[in-house]
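Shown below: start_33.cif, with mmCIF, C-alpha atoms.
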data_coords
loop_
_atom_site.group_PDB
_atom_site.id
_atom_site.type_symbol
_atom_site.label_atom_id
_atom_site.label_comp_id
_atom_site.auth_asym_id
_atom_site.auth_seq_id
_atom_site.Cartn_x
_atom_site.Cartn_y
_atom_site.Cartn_z
ATOM 1 C CA MET A 53 -72.673 -28.578 41.923
ATOM 2 C CA ALA A 54 -70.725 -25.304 42.005
ATOM 3 C CA LYS A 55 -71.338 -22.753 39.296
ATOM 4 C CA TYR A 56 -68.448 -21.583 37.000
ATOM 5 C CA LYS A 57 -67.519 -17.935 37.548
ATOM 6 C CA SER A 58 -65.804 -16.083 34.718
ATOM 7 C CA ARG A 59 -62.510 -14.373 35.606
ATOM 8 C CA VAL A 60 -62.942 -11.804 32.837
ATOM 9 C CA LYS A 61 -63.015 -8.289 34.305
ATOM 10 C CA ASN A 62 -65.094 -6.827 31.479
ATOM 11 C CA LYS A 63 -66.908 -8.026 28.424
ATOM 12 C CA TYR A 64 -65.410 -5.756 25.750
ATOM 13 C CA MET A 65 -63.323 -7.089 22.843
ATOM 14 C CA GLY A 66 -59.627 -6.665 23.551
ATOM 15 C CA SER A 67 -59.926 -6.772 27.292
ATOM 16 C CA GLY A 68 -57.312 -8.844 29.064
ATOM 17 C CA PHE A 69 -57.647 -11.859 31.238
ATOM 18 C CA GLU A 70 -56.391 -12.085 34.783
ATOM 19 C CA GLY A 71 -52.836 -13.402 34.834
ATOM 20 C CA TYR A 72 -52.137 -12.428 31.176
ATOM 21 C CA VAL A 73 -48.579 -11.151 30.492
ATOM 22 C CA ALA A 74 -48.588 -7.749 28.707
ATOM 23 C CA SER A 75 -47.170 -7.779 25.162
ATOM 24 C CA ALA A 76 -44.641 -5.323 23.642
ATOM 25 C CA ARG A 77 -47.625 -3.274 22.495
ATOM 26 C CA THR A 78 -48.207 -2.194 26.033
ATOM 27 C CA THR A 79 -46.488 0.894 27.355
ATOM 28 C CA GLU A 80 -44.088 -1.113 29.462
ATOM 29 C CA GLY A 81 -43.225 -3.366 26.512
ATOM 30 C CA LEU A 82 -42.539 -0.472 24.176
ATOM 31 C CA GLU A 83 -40.217 1.165 26.648
ATOM 32 C CA LEU A 84 -38.340 -2.076 27.185
ATOM 33 C CA ALA A 85 -37.910 -2.599 23.407
ATOM 34 C CA LYS A 86 -36.723 0.979 22.999
ATOM 35 C CA ALA A 87 -34.244 0.565 25.808
ATOM 36 C CA LEU A 88 -32.888 -2.621 24.253
ATOM 37 C CA GLN A 89 -32.619 -0.945 20.843
ATOM 38 C CA ASN A 90 -30.759 2.041 22.261
ATOM 39 C CA SER A 91 -28.467 -0.292 24.140
ATOM 40 C CA GLY A 92 -27.766 -2.218 20.952
ATOM 41 C CA GLU A 93 -27.024 0.958 18.963
ATOM 42 C CA ARG A 94 -24.692 2.191 21.675
ATOM 43 C CA GLY A 95 -22.944 -1.150 21.639
ATOM 44 C CA MET A 96 -22.595 -1.033 17.860
ATOM 45 C CA ARG A 97 -21.208 2.493 17.984
ATOM 46 C CA ILE A 98 -18.708 1.469 20.629
ATOM 47 C CA ALA A 99 -17.696 -1.560 18.551
ATOM 48 C CA ASN A 100 -17.277 0.644 15.446
ATOM 49 C CA VAL A 101 -15.172 3.155 17.349
ATOM 50 C CA LEU A 102 -12.958 0.371 18.681
ATOM 51 C CA THR A 103 -12.629 -1.128 15.190
ATOM 52 C CA ASP A 104 -11.772 2.255 13.620
ATOM 53 C CA ARG A 105 -9.246 2.875 16.371
ATOM 54 C CA LYS A 106 -7.582 -0.477 15.708
ATOM 55 C CA LYS A 107 -7.473 0.298 11.998
ATOM 56 C CA ASP A 108 -5.940 3.726 12.603
ATOM 57 C CA GLU A 109 -3.385 2.211 14.948
ATOM 58 C CA ALA A 110 -2.566 -0.420 12.320
ATOM 59 C CA VAL A 111 -1.953 2.275 9.695
ATOM 60 C CA ASP A 112 0.244 4.247 12.098
ATOM 61 C CA LYS A 113 2.177 1.101 12.998
ATOM 62 C CA ILE A 114 2.862 0.226 9.362
ATOM 63 C CA GLN A 115 3.896 3.786 8.571
ATOM 64 C CA THR A 116 6.282 3.783 11.541
ATOM 65 C CA LEU A 117 7.838 0.490 10.407
ATOM 66 C CA TYR A 118 8.204 1.810 6.850
ATOM 67 C CA SER A 119 9.734 5.088 8.050
ATOM 68 C CA SER A 120 12.300 3.105 10.025
ATOM 69 C CA GLY A 121 13.697 1.828 6.722
ATOM 70 C CA LYS A 122 11.891 -1.490 6.401
ATOM 71 C CA SER A 123 10.515 -2.463 3.008
ATOM 72 C CA MET A 124 6.976 -3.639 2.416
ATOM 73 C CA GLU A 125 8.242 -7.210 1.993
ATOM 74 C CA ALA A 126 10.112 -7.054 5.312
ATOM 75 C CA ILE A 127 7.017 -5.757 7.113
ATOM 76 C CA GLN A 128 4.872 -8.466 5.543
ATOM 77 C CA THR A 129 7.363 -11.152 6.585
ATOM 78 C CA GLU A 130 7.335 -9.926 10.182
ATOM 79 C CA ILE A 131 3.509 -9.921 10.232
ATOM 80 C CA LEU A 132 3.379 -13.504 8.961
ATOM 81 C CA ALA A 133 5.973 -14.482 11.583
ATOM 82 C CA GLY A 134 3.661 -13.173 14.310
ATOM 83 C CA GLN A 135 5.953 -10.326 15.357
ATOM 84 C CA HIS A 136 3.108 -7.798 15.118
ATOM 85 C CA PRO A 137 -0.080 -9.337 16.533
ATOM 86 C CA ASP A 138 -1.692 -5.889 16.556
ATOM 87 C CA LEU A 139 -1.601 -5.966 12.735
ATOM 88 C CA THR A 140 -3.610 -9.167 12.453
ATOM 89 C CA GLY A 141 -7.198 -10.139 13.142
ATOM 90 C CA LYS A 142 -10.468 -9.705 11.288
ATOM 91 C CA TYR A 143 -10.826 -6.077 12.354
ATOM 92 C CA VAL A 144 -7.525 -4.846 10.935
ATOM 93 C CA GLU A 145 -6.464 -7.413 8.334
ATOM 94 C CA LYS A 146 -8.030 -5.643 5.339
ATOM 95 C CA THR A 147 -6.782 -2.267 6.509
ATOM 96 C CA THR A 148 -3.297 -3.684 7.005
ATOM 97 C CA GLN A 149 -3.245 -5.152 3.480
ATOM 98 C CA PHE A 150 -4.634 -1.971 1.941
ATOM 99 C CA HIS A 151 -1.963 0.178 3.573
ATOM 100 C CA LEU A 152 0.796 -2.284 2.688
ATOM 101 C CA GLY A 153 -0.336 -1.928 -0.912
ATOM 102 C CA LYS A 154 0.039 1.839 -0.652
ATOM 103 C CA VAL A 155 3.513 1.402 0.836
ATOM 104 C CA LYS A 156 4.517 -0.880 -2.054
ATOM 105 C CA ALA A 157 3.200 1.670 -4.551
ATOM 106 C CA ALA A 158 5.421 4.329 -2.990
ATOM 107 C CA GLU A 159 8.431 1.995 -3.247
ATOM 108 C CA THR A 160 7.599 1.204 -6.873
ATOM 109 C CA ILE A 161 7.258 4.869 -7.821
ATOM 110 C CA THR A 162 10.618 5.622 -6.212
ATOM 111 C CA SER A 163 12.242 2.781 -8.147
ATOM 112 C CA ILE A 164 10.738 3.978 -11.429
ATOM 113 C CA THR A 165 11.802 7.566 -10.771
ATOM 114 C CA ASN A 166 15.373 6.472 -10.037
ATOM 115 C CA ASN A 167 15.531 4.605 -13.357
ATOM 116 C CA ILE A 168 13.490 6.935 -15.570
ATOM 117 C CA ASN A 169 16.629 7.838 -17.547
ATOM 118 C CA LYS A 170 16.478 4.286 -18.966
ATOM 119 C CA TYR A 171 13.077 4.966 -20.527
ATOM 120 C CA ASP A 172 13.308 5.261 -24.319
ATOM 121 C CA PHE A 173 9.959 6.600 -25.502
ATOM 122 C CA GLU A 174 10.922 6.080 -29.138
ATOM 123 C CA ASN A 175 11.199 2.302 -28.699
ATOM 124 C CA ASN A 176 8.927 1.604 -25.745
ATOM 125 C CA THR A 177 5.684 2.680 -24.093
ATOM 126 C CA LEU A 178 5.399 4.036 -20.585
ATOM 127 C CA ASN A 179 3.325 1.037 -19.472
ATOM 128 C CA GLY A 180 5.848 -1.301 -21.051
ATOM 129 C CA PHE A 181 8.636 0.402 -19.119
ATOM 130 C CA TYR A 182 6.681 0.071 -15.860
ATOM 131 C CA GLU A 183 6.269 -3.707 -16.177
ATOM 132 C CA LYS A 184 9.695 -4.665 -14.828
ATOM 133 C CA TYR A 185 9.098 -2.570 -11.692
ATOM 134 C CA LEU A 186 5.543 -3.661 -10.858
ATOM 135 C CA PRO A 187 4.914 -6.364 -8.221
ATOM 136 C CA ASP A 188 3.195 -9.660 -9.029
ATOM 137 C CA PHE A 189 -0.449 -9.430 -7.939
ATOM 138 C CA LYS A 190 -1.424 -13.041 -8.708
ATOM 139 C CA GLU A 191 -1.384 -14.153 -5.075
ATOM 140 C CA SER A 192 -2.095 -10.752 -3.550
ATOM 141 C CA ASP A 193 -5.044 -9.922 -1.314
ATOM 142 C CA THR A 194 -7.621 -7.754 -3.090
ATOM 143 C CA SER A 195 -7.217 -5.088 -0.406
ATOM 144 C CA TYR A 196 -3.473 -5.022 -1.052
ATOM 145 C CA THR A 197 -4.053 -4.582 -4.792
ATOM 146 C CA ALA A 198 -6.627 -1.858 -4.156
ATOM 147 C CA GLY A 199 -4.210 -0.006 -1.871
ATOM 148 C CA PHE A 200 -1.463 -0.192 -4.486
ATOM 149 C CA ALA A 201 -3.798 1.043 -7.215
ATOM 150 C CA SER A 202 -5.066 3.957 -5.102
ATOM 151 C CA VAL A 203 -1.553 5.454 -5.142
ATOM 152 C CA PHE A 204 0.018 4.161 -8.340
ATOM 153 C CA ASN A 205 -2.874 4.927 -10.704
ATOM 154 C CA GLU A 206 -2.737 8.608 -9.818
ATOM 155 C CA TYR A 207 1.013 8.637 -10.496
ATOM 156 C CA ARG A 208 0.500 6.720 -13.749
ATOM 157 C CA ALA A 209 -2.127 9.215 -14.960
ATOM 158 C CA GLN A 210 0.127 12.209 -14.268
ATOM 159 C CA GLU A 211 3.109 10.602 -16.002
ATOM 160 C CA ALA A 212 0.955 9.631 -18.984
ATOM 161 C CA VAL A 213 0.154 13.308 -19.582
ATOM 162 C CA LYS A 214 3.865 14.200 -19.454
ATOM 163 C CA ASP A 215 4.703 11.298 -21.779
ATOM 164 C CA ALA A 216 2.076 12.392 -24.300
ATOM 165 C CA THR A 217 3.486 15.929 -24.256
ATOM 166 C CA VAL A 218 7.031 14.692 -24.891
ATOM 167 C CA ARG A 219 5.884 12.379 -27.691
ATOM 168 C CA SER A 220 3.908 15.161 -29.351
ATOM 169 C CA ALA A 221 6.876 17.539 -29.212
ATOM 170 C CA HIS A 222 9.169 14.858 -30.648
ATOM 171 C CA ALA A 223 6.753 14.070 -33.476
ATOM 172 C CA SER A 224 6.496 17.771 -34.275
ATOM 173 C CA LYS A 225 10.298 18.104 -34.292
ATOM 174 C CA ILE A 226 10.607 15.215 -36.754
ATOM 175 C CA LYS A 227 7.968 16.717 -39.062
ATOM 176 C CA ILE A 228 9.701 20.091 -39.048
ATOM 177 C CA GLU A 229 13.070 18.526 -39.853
ATOM 178 C CA GLU A 230 11.566 16.467 -42.688
ATOM 179 C CA GLY A 231 10.029 19.606 -44.172
ATOM 180 C CA ARG A 232 13.282 21.534 -43.806
ATOM 181 C CA VAL A 233 15.208 18.861 -45.707
ATOM 182 C CA GLN A 234 12.755 19.038 -48.624
ATOM 183 C CA LEU A 235 13.141 22.815 -48.868
ATOM 184 C CA SER A 236 16.911 22.781 -48.444
ATOM 185 C CA ILE A 237 17.529 21.053 -51.795
ATOM 186 C CA ILE A 238 15.824 23.726 -53.915
ATOM 187 C CA PRO A 239 18.518 25.393 -56.083
ATOM 188 C CA ASN A 240 19.236 29.077 -55.440
ATOM 189 C CA GLU A 241 18.064 30.035 -58.917
ATOM 190 C CA ASN A 242 14.633 28.467 -58.234
ATOM 191 C CA LEU A 243 13.962 30.001 -54.825
ATOM 192 C CA GLU A 244 11.684 32.736 -56.156
ATOM 193 C CA THR A 245 9.501 30.342 -58.154
ATOM 194 C CA ASP A 246 9.550 27.052 -56.243
ATOM 195 C CA TYR A 247 10.258 27.624 -52.547
ATOM 196 C CA ILE A 248 6.862 28.851 -51.299
ATOM 197 C CA LYS A 249 5.041 26.517 -53.681
ATOM 198 C CA LYS A 250 6.862 23.499 -52.254
ATOM 199 C CA TRP A 251 6.432 24.820 -48.707
ATOM 200 C CA ASN A 252 2.656 24.981 -49.137
ATOM 201 C CA ALA A 253 2.640 21.496 -50.658
ATOM 202 C CA LEU A 254 4.061 20.079 -47.424
ATOM 203 C CA ASN A 255 0.727 20.465 -45.646
ATOM 204 C CA ILE A 256 -1.070 17.432 -47.010
ATOM 205 C CA ASP A 257 -4.317 15.976 -45.597
ATOM 206 C CA VAL A 258 -4.009 13.144 -43.057
ATOM 207 C CA PRO A 259 -6.724 11.006 -41.391
ATOM 208 C CA ASN A 260 -8.427 12.561 -38.387
ATOM 209 C CA THR A 261 -7.521 10.817 -35.137
ATOM 210 C CA ASP A 262 -10.993 11.403 -33.666
ATOM 211 C CA GLY A 263 -12.563 9.087 -36.233
ATOM 212 C CA SER A 264 -14.469 11.785 -38.130
ATOM 213 C CA ASN A 265 -14.499 12.069 -41.924
ATOM 214 C CA LYS A 266 -12.959 15.545 -41.859
ATOM 215 C CA PRO A 267 -9.184 15.166 -42.428
ATOM 216 C CA ASN A 268 -6.497 16.922 -40.453
ATOM 217 C CA LYS A 269 -3.521 18.759 -41.902
ATOM 218 C CA LEU A 270 -0.061 17.254 -41.461
ATOM 219 C CA TYR A 271 1.307 20.547 -40.106
ATOM 220 C CA THR A 272 -0.208 23.214 -37.924
ATOM 221 C CA ASN A 273 0.291 26.826 -39.030
ATOM 222 C CA ALA A 274 2.884 27.267 -36.286
ATOM 223 C CA GLU A 275 4.773 24.165 -37.443
ATOM 224 C CA LEU A 276 4.772 25.354 -41.049
ATOM 225 C CA GLN A 277 6.396 28.606 -39.999
ATOM 226 C CA LYS A 278 8.939 26.663 -37.950
ATOM 227 C CA VAL A 279 9.899 24.698 -41.081
ATOM 228 C CA ILE A 280 11.113 27.853 -42.835
ATOM 229 C CA ILE A 281 12.732 29.184 -39.667
ATOM 230 C CA ALA A 282 14.557 25.861 -39.248
ATOM 231 C CA ASP A 283 15.747 25.995 -42.872
ATOM 232 C CA VAL A 284 17.017 29.557 -42.621
ATOM 233 C CA THR A 285 18.653 28.878 -39.256
ATOM 234 C CA SER A 286 20.444 25.833 -40.656
ATOM 235 C CA ILE A 287 21.753 27.873 -43.599
ATOM 236 C CA ILE A 288 23.004 30.654 -41.347
ATOM 237 C CA LYS A 289 24.772 28.378 -38.870
ATOM 238 C CA SER A 290 26.730 26.556 -41.584
ATOM 239 C CA ALA A 291 27.317 29.572 -43.862
ATOM 240 C CA THR A 292 30.890 30.369 -44.834
ATOM 241 C CA THR A 293 30.242 32.343 -48.038
ATOM 242 C CA MET A 294 28.203 35.380 -49.000
ATOM 243 C CA GLU A 295 26.287 33.212 -51.462
ATOM 244 C CA GLU A 296 24.904 31.189 -48.539
ATOM 245 C CA ILE A 297 24.081 34.364 -46.625
ATOM 246 C CA GLU A 298 22.212 35.672 -49.665
ATOM 247 C CA ARG A 299 20.203 32.439 -49.852
ATOM 248 C CA ALA A 300 19.058 32.915 -46.253
ATOM 249 C CA GLU A 301 18.175 36.560 -46.926
ATOM 250 C CA THR A 302 16.208 35.625 -50.047
ATOM 251 C CA ILE A 303 14.115 33.032 -48.200
ATOM 252 C CA LEU A 304 13.349 35.454 -45.357
ATOM 253 C CA ASN A 305 12.041 37.970 -47.897
ATOM 254 C CA LEU A 306 9.974 35.668 -50.115
ATOM 255 C CA ASP A 307 6.294 36.578 -50.577
ATOM 256 C CA MET A 308 4.441 33.798 -48.699
ATOM 257 C CA GLY A 309 1.223 34.292 -50.665
ATOM 258 C CA ILE A 310 -2.406 34.766 -49.645
ATOM 259 C CA GLY A 311 -3.895 33.452 -46.391
ATOM 260 C CA LYS A 312 -7.290 31.785 -45.846
ATOM 261 C CA ASN A 313 -8.805 35.146 -44.997
ATOM 262 C CA GLY A 314 -7.770 36.511 -48.394
ATOM 263 C CA GLN A 315 -5.124 38.822 -46.990
ATOM 264 C CA ASN A 316 -1.516 38.907 -48.119
ATOM 265 C CA ILE A 317 0.651 36.952 -45.669
ATOM 266 C CA GLY A 318 3.732 38.983 -46.472
ATOM 267 C CA THR A 319 7.260 37.729 -45.858
ATOM 268 C CA LEU A 320 8.691 35.816 -42.929
ATOM 269 C CA SER A 321 10.908 38.811 -42.222
ATOM 270 C CA ASP A 322 7.744 40.912 -41.710
ATOM 271 C CA ARG A 323 6.532 38.675 -38.863
ATOM 272 C CA LYS A 324 6.709 40.118 -35.363
ATOM 273 C CA SER A 325 7.759 37.168 -33.238
ATOM 274 C CA GLU A 326 10.610 36.264 -30.937
ATOM 275 C CA GLU A 327 11.679 33.379 -33.197
ATOM 276 C CA VAL A 328 11.884 35.565 -36.290
ATOM 277 C CA ASP A 329 13.732 38.279 -34.392
ATOM 278 C CA THR A 330 16.238 35.683 -33.190
ATOM 279 C CA VAL A 331 16.833 34.448 -36.759
ATOM 280 C CA LYS A 332 17.292 37.967 -38.094
ATOM 281 C CA ALA A 333 19.778 38.780 -35.339
ATOM 282 C CA LEU A 334 21.662 35.546 -36.036
ATOM 283 C CA LEU A 335 21.743 36.368 -39.751
ATOM 284 C CA ALA A 336 23.082 39.889 -39.167
ATOM 285 C CA SER A 337 25.814 38.583 -36.888
ATOM 286 C CA LYS A 338 26.841 35.796 -39.255
ATOM 287 C CA LYS A 339 26.803 38.170 -42.222
ATOM 288 C CA ARG A 340 29.302 40.451 -40.486
ATOM 289 C CA THR A 341 31.519 37.462 -39.707
ATOM 290 C CA VAL A 342 31.409 36.109 -43.269
ATOM 291 C CA LEU A 343 32.094 39.590 -44.717
ATOM 292 C CA GLN A 344 35.080 40.042 -42.439
ATOM 293 C CA ASN A 345 36.417 36.620 -43.311
ATOM 294 C CA THR A 346 35.817 37.232 -47.021
ATOM 295 C CA ARG A 347 37.681 40.537 -46.917
ATOM 296 C CA ALA A 348 40.471 38.986 -44.915
ATOM 297 C CA ASP A 349 40.759 36.229 -47.503
ATOM 298 C CA GLU A 350 40.811 38.777 -50.310
ATOM 299 C CA VAL A 351 43.559 40.762 -48.583
ATOM 300 C CA TYR A 352 45.489 37.575 -47.942
ATOM 301 C CA LYS A 353 45.176 36.456 -51.578
ATOM 302 C CA LYS A 354 46.133 39.929 -52.781
ATOM 303 C CA ASN A 355 49.204 39.999 -50.579
ATOM 304 C CA LYS A 356 50.138 36.542 -51.701
ATOM 305 C CA GLY A 357 49.779 37.706 -55.303
ATOM 306 C CA VAL A 358 52.010 40.704 -54.690
ATOM 307 C CA GLU A 359 54.577 38.511 -52.989
ATOM 308 C CA ALA A 360 54.536 36.196 -55.993
ATOM 309 C CA VAL A 361 55.106 39.103 -58.352
ATOM 310 C CA TRP A 362 58.039 40.432 -56.326
ATOM 311 C CA ALA A 363 59.457 36.972 -55.965
ATOM 312 C CA GLU A 364 59.270 36.507 -59.708
ATOM 313 C CA ALA A 365 60.808 39.916 -60.309
ATOM 314 C CA PHE A 366 63.838 39.294 -58.140
ATOM 315 C CA ALA A 367 64.309 35.650 -58.983
ATOM 316 C CA PRO A 368 67.657 35.004 -60.783
ATOM 317 C CA ASN A 369 67.767 33.881 -64.361
ATOM 318 C CA GLU A 370 68.099 30.234 -65.245
ATOM 319 C CA ASP A 371 71.865 30.677 -65.661
ATOM 320 C CA GLY A 372 72.065 32.168 -62.162
ATOM 321 C CA SER A 373 72.700 35.737 -63.259
ATOM 322 C CA PRO A 374 70.530 38.512 -61.757
ATOM 323 C CA LYS A 375 67.747 39.951 -63.789
#

structure tokens encoding of this file:
Amino acid sequence: MAKYKSRVKNKYMGSGFEGYVASARTTEGLELAKALQNSGERGMRIANVLTDRKKDEAVDKIQTLYSSGKSMEAIQTEILAGQHPDLTGKYVEKTTQFHLGKVKAAETITSITNNINKYDFENNTLNGFYEKYLPDFKESDTSYTAGFASVFNEYRAQEAVKDATVRSAHASKIKIEEGRVQLSIIPNENLETDYIKKWNALNIDVPNTDGSNKPNKLYTNAELQKVIIADVTSIIKSATTMEEIERAETILNLDMGIGKNGQNIGTLSDRKSEEVDTVKALLASKKRTVLQNTRADEVYKKNKGVEAVWAEAFAPNEDGSPK
């Protein structure tokens, strides 16, 4: 009987057997795995480059179609009709929809801009005005909606700031006019005693818009000054008599009391500002005009009186005989 002969080359743990295929832990296996990995990464990079290129070409294609005068809807219709196969497929579909959304946003902004004169901020909000110009997103691809939002939201934010500025200026104008009306009805004989008192009383406390317990004032200091300037300006522009001119002069020279710092505020006429200088110049000009007209009226009335006297003197008696 033949004896069995071991094919093991050595007796140490981990030694291989004859005919055993080396695993990836061997040097040759590691190099093969590395080569395969590198090959895979290169393939992925190539695929990504090709995908990015297709996306860029899709964006350029859409922009070219839009620049030629086609609307977003027309481009979308042509894509669905298969006229632009390079704008379809899993690699470019999302990019195509995203860019179409941006194109639609540009069209929407143009439409809004062309009709902005129809926006009445006193009876509508900016978002309310936008509604009739916005597309319907119910059936839209999410990429399309995201593309639209990426352009339109920036425009909306910028216009919201402008709208807030206009609304604030309008609200301030209304407040100033309301204050002016209250001051305008004070009789001339009460200007010295009541005018500044009533002017100060205009600035009542109102709730703070930031939610804190500290109230705001209805008017800012600048707005309070504008109330008096508006009142004086209104008097000057409509003045036809010296009495009205004197009312304007009196108001300009009223003592406005003591400020928060304990110092005397002085008169409005003392203020060094462009607005006050403009009012004073307007007053001086109107005063000259009213004085000239008053003197002309006096001369006219005097002449008419003289004419009446002479007419009476040379008028014949009732019987027709000369006087």

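Taking atom CA of Ile310 of chain A as the reference point, atom CA of Lys227 of chain A is found at 23.4 Å.
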
**Report entry** Shell of 12 Å around segment 208-211 of chain A, all atoms listed in the file, local chain residues under 2 positions omitted, as a ChimeraX atom specification
**Finding:** /A:157,160-161,164-165,168,177-179,181-182,186,200-206,213-218

Report task. Give me, please, the distance in Å between atom CA of Glu275 of chain A and atom CA of Arg219 of chain A, quoted to one decimal. Result ->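 Atom-to-atom, atom CA of Glu275 of chain A to atom CA of Arg219 of chain A, that is 15.3 Å.
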
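Note that the spacing between atom CA of Thr292 of chain A and atom CA of Val342 of chain A amounts to 6.0 Å.
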
Query raised in the report: Given the file above and the PyMOL selection byres ((chain A and resi 198) around 12), which residues are selected, and can you give them as number ranges by chain?
Result: A: 146-157, 189, 192-197, 199-205

Query - From A:Ser264, A:Ile248, A:Asn176, A:Leu335, residue lying nearest Gly318 of chain A [only C-alpha atoms] - result: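 Distance minimum relative to Gly318 of chain A lands on A:Ile248.
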
Report summary line: Of A:Val328, A:Ile303, A:Leu334, A:Ile317, the one sitting nearest Ile288 of chain A when using only C-alpha atoms is A:Leu334

Just need segment 150-163 of chain A in a file, please: N, CA, C and O atoms, as a PDB file, in the first residue's frame.
ATOM      1  N   PHE A 150     -35.415  73.180 -15.100  1.00  0.00           N
ATOM      2  CA  PHE A 150     -34.931  74.250 -14.231  1.00  0.00           C
ATOM      3  C   PHE A 150     -34.712  75.528 -15.039  1.00  0.00           C
ATOM      4  O   PHE A 150     -35.125  76.619 -14.621  1.00  0.00           O
ATOM      5  N   HIS A 151     -34.086  75.397 -16.198  1.00  0.00           N
ATOM      6  CA  HIS A 151     -33.802  76.589 -17.001  1.00  0.00           C
ATOM      7  C   HIS A 151     -35.078  77.154 -17.619  1.00  0.00           C
ATOM      8  O   HIS A 151     -35.218  78.367 -17.758  1.00  0.00           O
ATOM      9  N   LEU A 152     -36.014  76.288 -17.994  1.00  0.00           N
ATOM     10  CA  LEU A 152     -37.296  76.783 -18.489  1.00  0.00           C
ATOM     11  C   LEU A 152     -38.015  77.587 -17.414  1.00  0.00           C
ATOM     12  O   LEU A 152     -38.695  78.574 -17.706  1.00  0.00           O
ATOM     13  N   GLY A 153     -37.878  77.163 -16.166  1.00  0.00           N
ATOM     14  CA  GLY A 153     -38.459  77.920 -15.065  1.00  0.00           C
ATOM     15  C   GLY A 153     -37.840  79.303 -14.947  1.00  0.00           C
ATOM     16  O   GLY A 153     -38.540  80.293 -14.703  1.00  0.00           O
ATOM     17  N   LYS A 154     -36.550  79.391 -15.142  1.00  0.00           N
ATOM     18  CA  LYS A 154     -35.863  80.687 -15.108  1.00  0.00           C
ATOM     19  C   LYS A 154     -36.332  81.579 -16.258  1.00  0.00           C
ATOM     20  O   LYS A 154     -36.514  82.790 -16.096  1.00  0.00           O
ATOM     21  N   VAL A 155     -36.511  80.963 -17.432  1.00  0.00           N
ATOM     22  CA  VAL A 155     -36.995  81.713 -18.593  1.00  0.00           C
ATOM     23  C   VAL A 155     -38.391  82.272 -18.319  1.00  0.00           C
ATOM     24  O   VAL A 155     -38.687  83.428 -18.614  1.00  0.00           O
ATOM     25  N   LYS A 156     -39.263  81.435 -17.726  1.00  0.00           N
ATOM     26  CA  LYS A 156     -40.621  81.891 -17.414  1.00  0.00           C
ATOM     27  C   LYS A 156     -40.596  83.004 -16.380  1.00  0.00           C
ATOM     28  O   LYS A 156     -41.410  83.954 -16.459  1.00  0.00           O
ATOM     29  N   ALA A 157     -39.687  82.948 -15.437  1.00  0.00           N
ATOM     30  CA  ALA A 157     -39.569  84.008 -14.434  1.00  0.00           C
ATOM     31  C   ALA A 157     -39.209  85.328 -15.102  1.00  0.00           C
ATOM     32  O   ALA A 157     -39.759  86.380 -14.754  1.00  0.00           O
ATOM     33  N   ALA A 158     -38.306  85.263 -16.069  1.00  0.00           N
ATOM     34  CA  ALA A 158     -37.911  86.484 -16.793  1.00  0.00           C
ATOM     35  C   ALA A 158     -39.108  87.062 -17.548  1.00  0.00           C
ATOM     36  O   ALA A 158     -39.320  88.289 -17.560  1.00  0.00           O
ATOM     37  N   GLU A 159     -39.907  86.182 -18.182  1.00  0.00           N
ATOM     38  CA  GLU A 159     -41.094  86.644 -18.896  1.00  0.00           C
ATOM     39  C   GLU A 159     -42.098  87.277 -17.926  1.00  0.00           C
ATOM     40  O   GLU A 159     -42.704  88.315 -18.223  1.00  0.00           O
ATOM     41  N   THR A 160     -42.264  86.652 -16.777  1.00  0.00           N
ATOM     42  CA  THR A 160     -43.213  87.151 -15.779  1.00  0.00           C
ATOM     43  C   THR A 160     -42.792  88.516 -15.247  1.00  0.00           C
ATOM     44  O   THR A 160     -43.622  89.424 -15.101  1.00  0.00           O
ATOM     45  N   ILE A 161     -41.513  88.670 -14.967  1.00  0.00           N
ATOM     46  CA  ILE A 161     -41.004  89.952 -14.468  1.00  0.00           C
ATOM     47  C   ILE A 161     -41.214  91.048 -15.499  1.00  0.00           C
ATOM     48  O   ILE A 161     -41.603  92.176 -15.161  1.00  0.00           O
ATOM     49  N   THR A 162     -40.970  90.723 -16.765  1.00  0.00           N
ATOM     50  CA  THR A 162     -41.186  91.703 -17.836  1.00  0.00           C
ATOM     51  C   THR A 162     -42.651  92.119 -17.906  1.00  0.00           C
ATOM     52  O   THR A 162     -42.974  93.309 -18.045  1.00  0.00           O
ATOM     53  N   SER A 163     -43.552  91.146 -17.786  1.00  0.00           N
ATOM     54  CA  SER A 163     -44.979  91.432 -17.832  1.00  0.00           C
ATOM     55  C   SER A 163     -45.407  92.307 -16.664  1.00  0.00           C
ATOM     56  O   SER A 163     -46.182  93.261 -16.829  1.00  0.00           O
TER      57      SER A 163
END
